[in-house]
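This report concerns only the one structure given below.
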Amino acid sequence: MSRFRPTFFIPIIAFLGLVIIGGLALQGTLSGSRNPNQLPSVLIGKPAPDVPLPLLKNSRAELALDAYRGQPLLVNFFASWCAPCRAEAPALEHLSNQISIIGIAYKDRPQDTLQFLEQYGNPFVAIGRDDDGRAGMAWGVYGVPETYLIDPSGQIKWRHAGPLTRDVITTQLLAKLAEMQ
Amino acid sequence: MIRSRLYILLIGVFVIGAGTLILPLGGTATAITAEEMLADPLLETRARNLSQKLRCLVCQNQSIDDSDADLAKDLRREVRAQLVQGKTDEAILSDLRAKYGDFVLLAPPMAKNTMALWLAPIGFLLLGIGITLGVRRRTTIPSPSPISHADRAQIETLKQNHKKASKHDQPWP
């Protein structure tokens, strides 16, 4: 061993360090606890943004989230042009038996939204229209679908970007919901 | 020899460093369309400057100035709308930060949890300099010891003998 200089081991130790960091990241990705596509929301623990939106079915009336205080609430940003939104429609339908869901039609034409609801079902208690995406911006939406869980006091407790899968619903959403009740 | 190699390495580092500083200034690729631009050239310059600092959250490694994504377009419009309202650059950046988090800034802010990120390059540079100097010291060839008087005398006698011998040599036919 004495014929190796101490500097001989520097690259080996550096390489092992990289292997450990990469291995931890890979393990996190495979176990699902780390997803580089899921940006963390900074609104967790903050009150839901109060952006006035016209209702889909009556554009003179406004969607008021305050009216749903006192119960857990799910807010789902969707659009008729979004394929994953179609995929998660049955999941939302199923969830609507357990929790009130507010829909926000993100950058969609009202007639397209209505046709989408006719085709894939309407799990929403109310639907707001975010025609130019400014409400989405206030919520930190960076793509549809995105779903937010709001507690009875009106605070955002959880956010999921992308379609709600069975796994996401059972391991994350329902667990958070159970914490509230 | 080793010294000149070190200088070449340093020059290379400077050239690459200067290149990375100059390239973004000279870059012309942008996704902005004519109708998005503001009439006021001063505000438009500020809008472009801000857009280059903001990340497109869909494409993630492009600024909203570079990206063609819908969200980037929306963010560009939002930045311009806030500029027209008379907001300062800092106010606009902090507003978007409050909605999307630090990730929306291409340069992460200096904070406790980003300290390692900011200081690591300096640390690696110092480590590199340390290793380079260490290796250099070890490989420096020791300069030869001066020729002693005895050696010099021996060289002289050898030279004399050589001259004598060459006098007796037959010239080539």
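How things are named: the first chain in the structure tokens is A, the next is B, and so on; residues count from 1 in each chain; ligands count from 1 in the order shown.
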
- [ ] Extract, using only C-alpha atoms, all DNA, RNA and protein residues at most 7 Å from stretch 34-39 of chain A, discarding same-chain residues fewer than 3 positions from it, and format them as a PyMOL selection string.
- [x] chain A and resi 28-29+161

Open item on the list: I need the contact residues of chain B against chain A, so if you could list those with any atom within 6 Å, counting only C-alpha atoms, and return them as a list in words, that would help.
Closed with: Lys99, Tyr100 and Gly101 of chain B

Export of the given selection (N, CA and C atoms) as an mmCIF file, in the first residue's frame:
```cif
data_model
loop_
_atom_site.group_PDB
_atom_site.id
_atom_site.type_symbol
_atom_site.label_atom_id
_atom_site.label_comp_id
_atom_site.auth_asym_id
_atom_site.auth_seq_id
_atom_site.Cartn_x
_atom_site.Cartn_y
_atom_site.Cartn_z
ATOM 1 N N LYS B 99 -45.242 33.676 -6.076
ATOM 2 C CA LYS B 99 -46.188 32.747 -6.712
ATOM 3 C C LYS B 99 -45.526 31.420 -7.076
ATOM 4 N N TYR B 100 -44.304 31.507 -7.599
ATOM 5 C CA TYR B 100 -43.669 30.298 -8.144
ATOM 6 C C TYR B 100 -42.463 29.819 -7.336
ATOM 7 N N GLY B 101 -42.031 30.619 -6.380
ATOM 8 C CA GLY B 101 -40.887 30.202 -5.569
ATOM 9 C C GLY B 101 -39.560 30.628 -6.172
#
```

- [ ] Assign secondary structure with DSSP using the backbone only, and return the residues of stretch 2-165 of chain A in strand (DSSP E) as an MDAnalysis selection string.
- [x] chainID A and resid 53:54 62:63 73:78 100:106 126:130 146:150 156:161

For those residues, write N, CA, C and O atoms to a file as a short mmCIF file (atom, residue, chain, number, x, y, z; two decimals), in the first residue's frame.
```cif
data_model
loop_
_atom_site.label_atom_id
_atom_site.label_comp_id
_atom_site.auth_asym_id
_atom_site.auth_seq_id
_atom_site.Cartn_x
_atom_site.Cartn_y
_atom_site.Cartn_z
N LEU A 53 -63.11 35.26 -10.47
CA LEU A 53 -63.25 34.60 -11.78
C LEU A 53 -64.72 34.52 -12.15
O LEU A 53 -65.56 34.24 -11.29
N PRO A 54 -65.06 34.74 -13.42
CA PRO A 54 -66.45 34.53 -13.82
C PRO A 54 -66.79 33.04 -13.81
O PRO A 54 -65.92 32.20 -14.05
N GLU A 62 -69.60 35.64 -9.91
CA GLU A 62 -68.20 35.33 -9.66
C GLU A 62 -68.06 34.10 -8.79
O GLU A 62 -68.89 33.84 -7.92
N LEU A 63 -66.95 33.39 -9.05
CA LEU A 63 -66.63 32.23 -8.22
C LEU A 63 -66.05 32.73 -6.89
O LEU A 63 -65.06 33.45 -6.89
N LEU A 73 -61.58 21.37 0.67
CA LEU A 73 -61.96 21.68 -0.70
C LEU A 73 -60.82 21.28 -1.64
O LEU A 73 -59.65 21.42 -1.30
N LEU A 74 -61.21 20.78 -2.81
CA LEU A 74 -60.22 20.47 -3.83
C LEU A 74 -60.41 21.46 -4.97
O LEU A 74 -61.54 21.68 -5.42
N VAL A 75 -59.32 22.09 -5.39
CA VAL A 75 -59.40 23.01 -6.54
C VAL A 75 -58.59 22.39 -7.67
O VAL A 75 -57.40 22.10 -7.50
N ASN A 76 -59.25 22.17 -8.80
CA ASN A 76 -58.62 21.48 -9.92
C ASN A 76 -58.58 22.39 -11.15
O ASN A 76 -59.62 22.84 -11.64
N PHE A 77 -57.36 22.69 -11.61
CA PHE A 77 -57.20 23.43 -12.86
C PHE A 77 -57.21 22.43 -14.01
O PHE A 77 -56.44 21.47 -14.00
N PHE A 78 -58.09 22.65 -14.96
CA PHE A 78 -58.19 21.70 -16.08
C PHE A 78 -58.46 22.48 -17.36
O PHE A 78 -58.69 23.70 -17.34
N SER A 100 -65.78 18.26 -1.83
CA SER A 100 -66.26 19.20 -2.85
C SER A 100 -65.08 19.60 -3.75
O SER A 100 -64.00 19.91 -3.25
N ILE A 101 -65.32 19.59 -5.04
CA ILE A 101 -64.25 19.95 -5.98
C ILE A 101 -64.68 21.17 -6.79
O ILE A 101 -65.78 21.21 -7.35
N ILE A 102 -63.80 22.17 -6.80
CA ILE A 102 -64.01 23.35 -7.62
C ILE A 102 -63.16 23.18 -8.87
O ILE A 102 -61.99 22.80 -8.78
N GLY A 103 -63.74 23.43 -10.02
CA GLY A 103 -62.98 23.35 -11.27
C GLY A 103 -62.63 24.75 -11.74
O GLY A 103 -63.43 25.67 -11.59
N ILE A 104 -61.42 24.90 -12.26
CA ILE A 104 -61.08 26.18 -12.91
C ILE A 104 -60.61 25.85 -14.33
O ILE A 104 -59.61 25.15 -14.51
N ALA A 105 -61.39 26.32 -15.30
CA ALA A 105 -61.08 26.05 -16.70
C ALA A 105 -59.96 27.00 -17.11
O ALA A 105 -60.15 28.20 -17.18
N TYR A 106 -58.78 26.41 -17.38
CA TYR A 106 -57.56 27.19 -17.60
C TYR A 106 -57.36 27.43 -19.09
O TYR A 106 -57.20 26.47 -19.86
N ALA A 126 -68.61 23.83 -8.58
CA ALA A 126 -68.66 25.11 -9.27
C ALA A 126 -67.45 25.18 -10.20
O ALA A 126 -66.42 24.55 -9.93
N ILE A 127 -67.60 25.92 -11.29
CA ILE A 127 -66.51 26.02 -12.26
C ILE A 127 -66.26 27.49 -12.58
O ILE A 127 -67.18 28.23 -12.95
N GLY A 128 -65.01 27.92 -12.40
CA GLY A 128 -64.63 29.28 -12.76
C GLY A 128 -63.90 29.28 -14.09
O GLY A 128 -63.37 28.25 -14.52
N ARG A 129 -63.86 30.43 -14.71
CA ARG A 129 -63.19 30.56 -16.01
C ARG A 129 -61.95 31.42 -15.86
O ARG A 129 -62.02 32.58 -15.50
N ASP A 130 -60.80 30.82 -16.18
CA ASP A 130 -59.55 31.58 -16.17
C ASP A 130 -59.09 31.71 -17.62
O ASP A 130 -58.22 30.97 -18.07
N GLU A 146 -53.59 20.66 -12.55
CA GLU A 146 -52.98 20.85 -11.24
C GLU A 146 -54.09 20.87 -10.21
O GLU A 146 -55.15 21.43 -10.46
N THR A 147 -53.82 20.25 -9.06
CA THR A 147 -54.87 20.11 -8.05
C THR A 147 -54.36 20.59 -6.70
O THR A 147 -53.23 20.27 -6.31
N TYR A 148 -55.17 21.38 -6.04
CA TYR A 148 -54.82 21.94 -4.73
C TYR A 148 -55.82 21.46 -3.69
O TYR A 148 -57.02 21.45 -3.95
N LEU A 149 -55.31 21.11 -2.52
CA LEU A 149 -56.19 20.75 -1.40
C LEU A 149 -56.20 21.91 -0.42
O LEU A 149 -55.14 22.38 0.01
N ILE A 150 -57.40 22.37 -0.10
CA ILE A 150 -57.56 23.53 0.79
C ILE A 150 -58.28 23.09 2.05
O ILE A 150 -59.27 22.35 1.98
N ILE A 156 -54.00 26.56 1.72
CA ILE A 156 -53.57 25.50 0.81
C ILE A 156 -52.70 24.52 1.59
O ILE A 156 -51.75 24.92 2.27
N LYS A 157 -53.06 23.24 1.52
CA LYS A 157 -52.32 22.23 2.29
C LYS A 157 -51.48 21.32 1.41
O LYS A 157 -50.51 20.71 1.88
N TRP A 158 -51.85 21.23 0.14
CA TRP A 158 -51.18 20.24 -0.72
C TRP A 158 -51.42 20.62 -2.17
O TRP A 158 -52.45 21.20 -2.50
N ARG A 159 -50.43 20.35 -3.00
CA ARG A 159 -50.61 20.62 -4.42
C ARG A 159 -50.01 19.46 -5.21
O ARG A 159 -48.95 18.95 -4.87
N HIS A 160 -50.70 19.08 -6.27
CA HIS A 160 -50.15 18.07 -7.16
C HIS A 160 -50.20 18.59 -8.59
O HIS A 160 -51.25 19.01 -9.07
N ALA A 161 -49.04 18.57 -9.26
CA ALA A 161 -48.99 18.95 -10.67
C ALA A 161 -49.03 17.68 -11.50
O ALA A 161 -48.26 16.77 -11.25
#
```

Task: Separation of atom CA of A:Asp108 from atom CA of B:Val104, in Å and rounded to one decimal - done: 24.6 Å

TODO: Go through B:Gln160, B:Ser51, B:Ser145, B:Thr114 one by one, measure the shortest atom-to-atom distance of each to B:Lys73 using only C-alpha atoms, and give the residue with the smallest value.
DONE: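 Once distances to B:Lys73 are computed over only C-alpha atoms, the minimum belongs to B:Ser51.
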
TODO: Using atom CA of A:Thr113 and atom CA of B:Asp74 as the two end points, give the distance in Å to one decimal.
DONE: 20.5 Å

- [ ] Please give the complete set of residues from stretch 59-104 of chain B that DSSP, run on the backbone, assigns to alpha helix (DSSP H), formatted as a list in words.
- [x]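 Reading the DSSP output for stretch 59-104 of chain B, alpha helix (DSSP H) covers Asp70, Leu71, Ala72, Lys73, Asp74, Leu75, Arg76, Arg77, Glu78, Val79, Arg80, Ala81, Gln82, Leu83, Val84, Asp89, Glu90, Ala91, Ile92, Leu93, Ser94, Asp95, Leu96, Arg97, Ala98, Lys99 and Tyr100 of chain B.
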
Same residues, N, CA and C atoms, saved as a PDB file, in the first residue's frame:
```
ATOM      1  N   ASP B  70     -46.225  28.378 -23.910  1.00  0.00           N
ATOM      2  CA  ASP B  70     -47.367  29.257 -23.607  1.00  0.00           C
ATOM      3  C   ASP B  70     -47.177  29.980 -22.280  1.00  0.00           C
ATOM      4  N   LEU B  71     -46.703  29.229 -21.284  1.00  0.00           N
ATOM      5  CA  LEU B  71     -46.540  29.837 -19.957  1.00  0.00           C
ATOM      6  C   LEU B  71     -45.506  30.963 -19.993  1.00  0.00           C
ATOM      7  N   ALA B  72     -44.442  30.764 -20.792  1.00  0.00           N
ATOM      8  CA  ALA B  72     -43.414  31.802 -20.912  1.00  0.00           C
ATOM      9  C   ALA B  72     -44.016  33.064 -21.508  1.00  0.00           C
ATOM     10  N   LYS B  73     -44.883  32.867 -22.492  1.00  0.00           N
ATOM     11  CA  LYS B  73     -45.548  34.009 -23.133  1.00  0.00           C
ATOM     12  C   LYS B  73     -46.423  34.737 -22.101  1.00  0.00           C
ATOM     13  N   ASP B  74     -47.167  33.954 -21.304  1.00  0.00           N
ATOM     14  CA  ASP B  74     -48.019  34.554 -20.266  1.00  0.00           C
ATOM     15  C   ASP B  74     -47.188  35.343 -19.267  1.00  0.00           C
ATOM     16  N   LEU B  75     -46.032  34.761 -18.890  1.00  0.00           N
ATOM     17  CA  LEU B  75     -45.175  35.434 -17.912  1.00  0.00           C
ATOM     18  C   LEU B  75     -44.572  36.710 -18.494  1.00  0.00           C
ATOM     19  N   ARG B  76     -44.214  36.658 -19.764  1.00  0.00           N
ATOM     20  CA  ARG B  76     -43.690  37.874 -20.418  1.00  0.00           C
ATOM     21  C   ARG B  76     -44.753  38.960 -20.413  1.00  0.00           C
ATOM     22  N   ARG B  77     -45.991  38.558 -20.690  1.00  0.00           N
ATOM     23  CA  ARG B  77     -47.085  39.531 -20.712  1.00  0.00           C
ATOM     24  C   ARG B  77     -47.310  40.101 -19.304  1.00  0.00           C
ATOM     25  N   GLU B  78     -47.217  39.208 -18.302  1.00  0.00           N
ATOM     26  CA  GLU B  78     -47.414  39.638 -16.917  1.00  0.00           C
ATOM     27  C   GLU B  78     -46.321  40.641 -16.508  1.00  0.00           C
ATOM     28  N   VAL B  79     -45.074  40.331 -16.864  1.00  0.00           N
ATOM     29  CA  VAL B  79     -43.961  41.240 -16.537  1.00  0.00           C
ATOM     30  C   VAL B  79     -44.207  42.609 -17.159  1.00  0.00           C
ATOM     31  N   ARG B  80     -44.623  42.617 -18.434  1.00  0.00           N
ATOM     32  CA  ARG B  80     -44.863  43.897 -19.112  1.00  0.00           C
ATOM     33  C   ARG B  80     -46.050  44.635 -18.511  1.00  0.00           C
ATOM     34  N   ALA B  81     -47.110  43.899 -18.154  1.00  0.00           N
ATOM     35  CA  ALA B  81     -48.279  44.551 -17.556  1.00  0.00           C
ATOM     36  C   ALA B  81     -47.892  45.220 -16.241  1.00  0.00           C
ATOM     37  N   GLN B  82     -47.050  44.531 -15.451  1.00  0.00           N
ATOM     38  CA  GLN B  82     -46.644  45.109 -14.164  1.00  0.00           C
ATOM     39  C   GLN B  82     -45.712  46.302 -14.357  1.00  0.00           C
ATOM     40  N   LEU B  83     -44.880  46.256 -15.420  1.00  0.00           N
ATOM     41  CA  LEU B  83     -43.998  47.394 -15.711  1.00  0.00           C
ATOM     42  C   LEU B  83     -44.824  48.618 -16.076  1.00  0.00           C
ATOM     43  N   VAL B  84     -45.864  48.388 -16.882  1.00  0.00           N
ATOM     44  CA  VAL B  84     -46.725  49.502 -17.299  1.00  0.00           C
ATOM     45  C   VAL B  84     -47.421  50.111 -16.081  1.00  0.00           C
ATOM     46  N   ASP B  89     -38.422  46.841 -10.834  1.00  0.00           N
ATOM     47  CA  ASP B  89     -37.933  45.517 -11.228  1.00  0.00           C
ATOM     48  C   ASP B  89     -37.947  44.551 -10.043  1.00  0.00           C
ATOM     49  N   GLU B  90     -37.504  45.058  -8.883  1.00  0.00           N
ATOM     50  CA  GLU B  90     -37.430  44.200  -7.691  1.00  0.00           C
ATOM     51  C   GLU B  90     -38.829  43.741  -7.281  1.00  0.00           C
ATOM     52  N   ALA B  91     -39.808  44.665  -7.373  1.00  0.00           N
ATOM     53  CA  ALA B  91     -41.175  44.327  -6.974  1.00  0.00           C
ATOM     54  C   ALA B  91     -41.740  43.241  -7.886  1.00  0.00           C
ATOM     55  N   ILE B  92     -41.422  43.319  -9.171  1.00  0.00           N
ATOM     56  CA  ILE B  92     -41.942  42.325 -10.124  1.00  0.00           C
ATOM     57  C   ILE B  92     -41.314  40.969  -9.849  1.00  0.00           C
ATOM     58  N   LEU B  93     -39.993  40.957  -9.637  1.00  0.00           N
ATOM     59  CA  LEU B  93     -39.318  39.693  -9.354  1.00  0.00           C
ATOM     60  C   LEU B  93     -39.850  39.075  -8.067  1.00  0.00           C
ATOM     61  N   SER B  94     -40.068  39.907  -7.037  1.00  0.00           N
ATOM     62  CA  SER B  94     -40.516  39.326  -5.766  1.00  0.00           C
ATOM     63  C   SER B  94     -41.974  38.877  -5.855  1.00  0.00           C
ATOM     64  N   ASP B  95     -42.768  39.529  -6.717  1.00  0.00           N
ATOM     65  CA  ASP B  95     -44.143  39.079  -6.916  1.00  0.00           C
ATOM     66  C   ASP B  95     -44.166  37.689  -7.543  1.00  0.00           C
ATOM     67  N   LEU B  96     -43.346  37.487  -8.579  1.00  0.00           N
ATOM     68  CA  LEU B  96     -43.329  36.184  -9.242  1.00  0.00           C
ATOM     69  C   LEU B  96     -42.710  35.128  -8.333  1.00  0.00           C
ATOM     70  N   ARG B  97     -41.776  35.561  -7.492  1.00  0.00           N
ATOM     71  CA  ARG B  97     -41.159  34.638  -6.539  1.00  0.00           C
ATOM     72  C   ARG B  97     -42.181  34.156  -5.515  1.00  0.00           C
ATOM     73  N   ALA B  98     -43.091  35.067  -5.137  1.00  0.00           N
ATOM     74  CA  ALA B  98     -44.116  34.702  -4.157  1.00  0.00           C
ATOM     75  C   ALA B  98     -45.097  33.691  -4.751  1.00  0.00           C
ATOM     76  N   LYS B  99     -45.242  33.676  -6.076  1.00  0.00           N
ATOM     77  CA  LYS B  99     -46.188  32.747  -6.712  1.00  0.00           C
ATOM     78  C   LYS B  99     -45.526  31.420  -7.076  1.00  0.00           C
ATOM     79  N   TYR B 100     -44.304  31.507  -7.599  1.00  0.00           N
ATOM     80  CA  TYR B 100     -43.669  30.298  -8.144  1.00  0.00           C
ATOM     81  C   TYR B 100     -42.463  29.819  -7.336  1.00  0.00           C
TER      82      TYR B 100
END
```

TODO: Just give me the gap between atom CA of B:Ala69 and atom CA of A:Ala135 in Å, one decimal is fine.
DONE: 17.8 Å
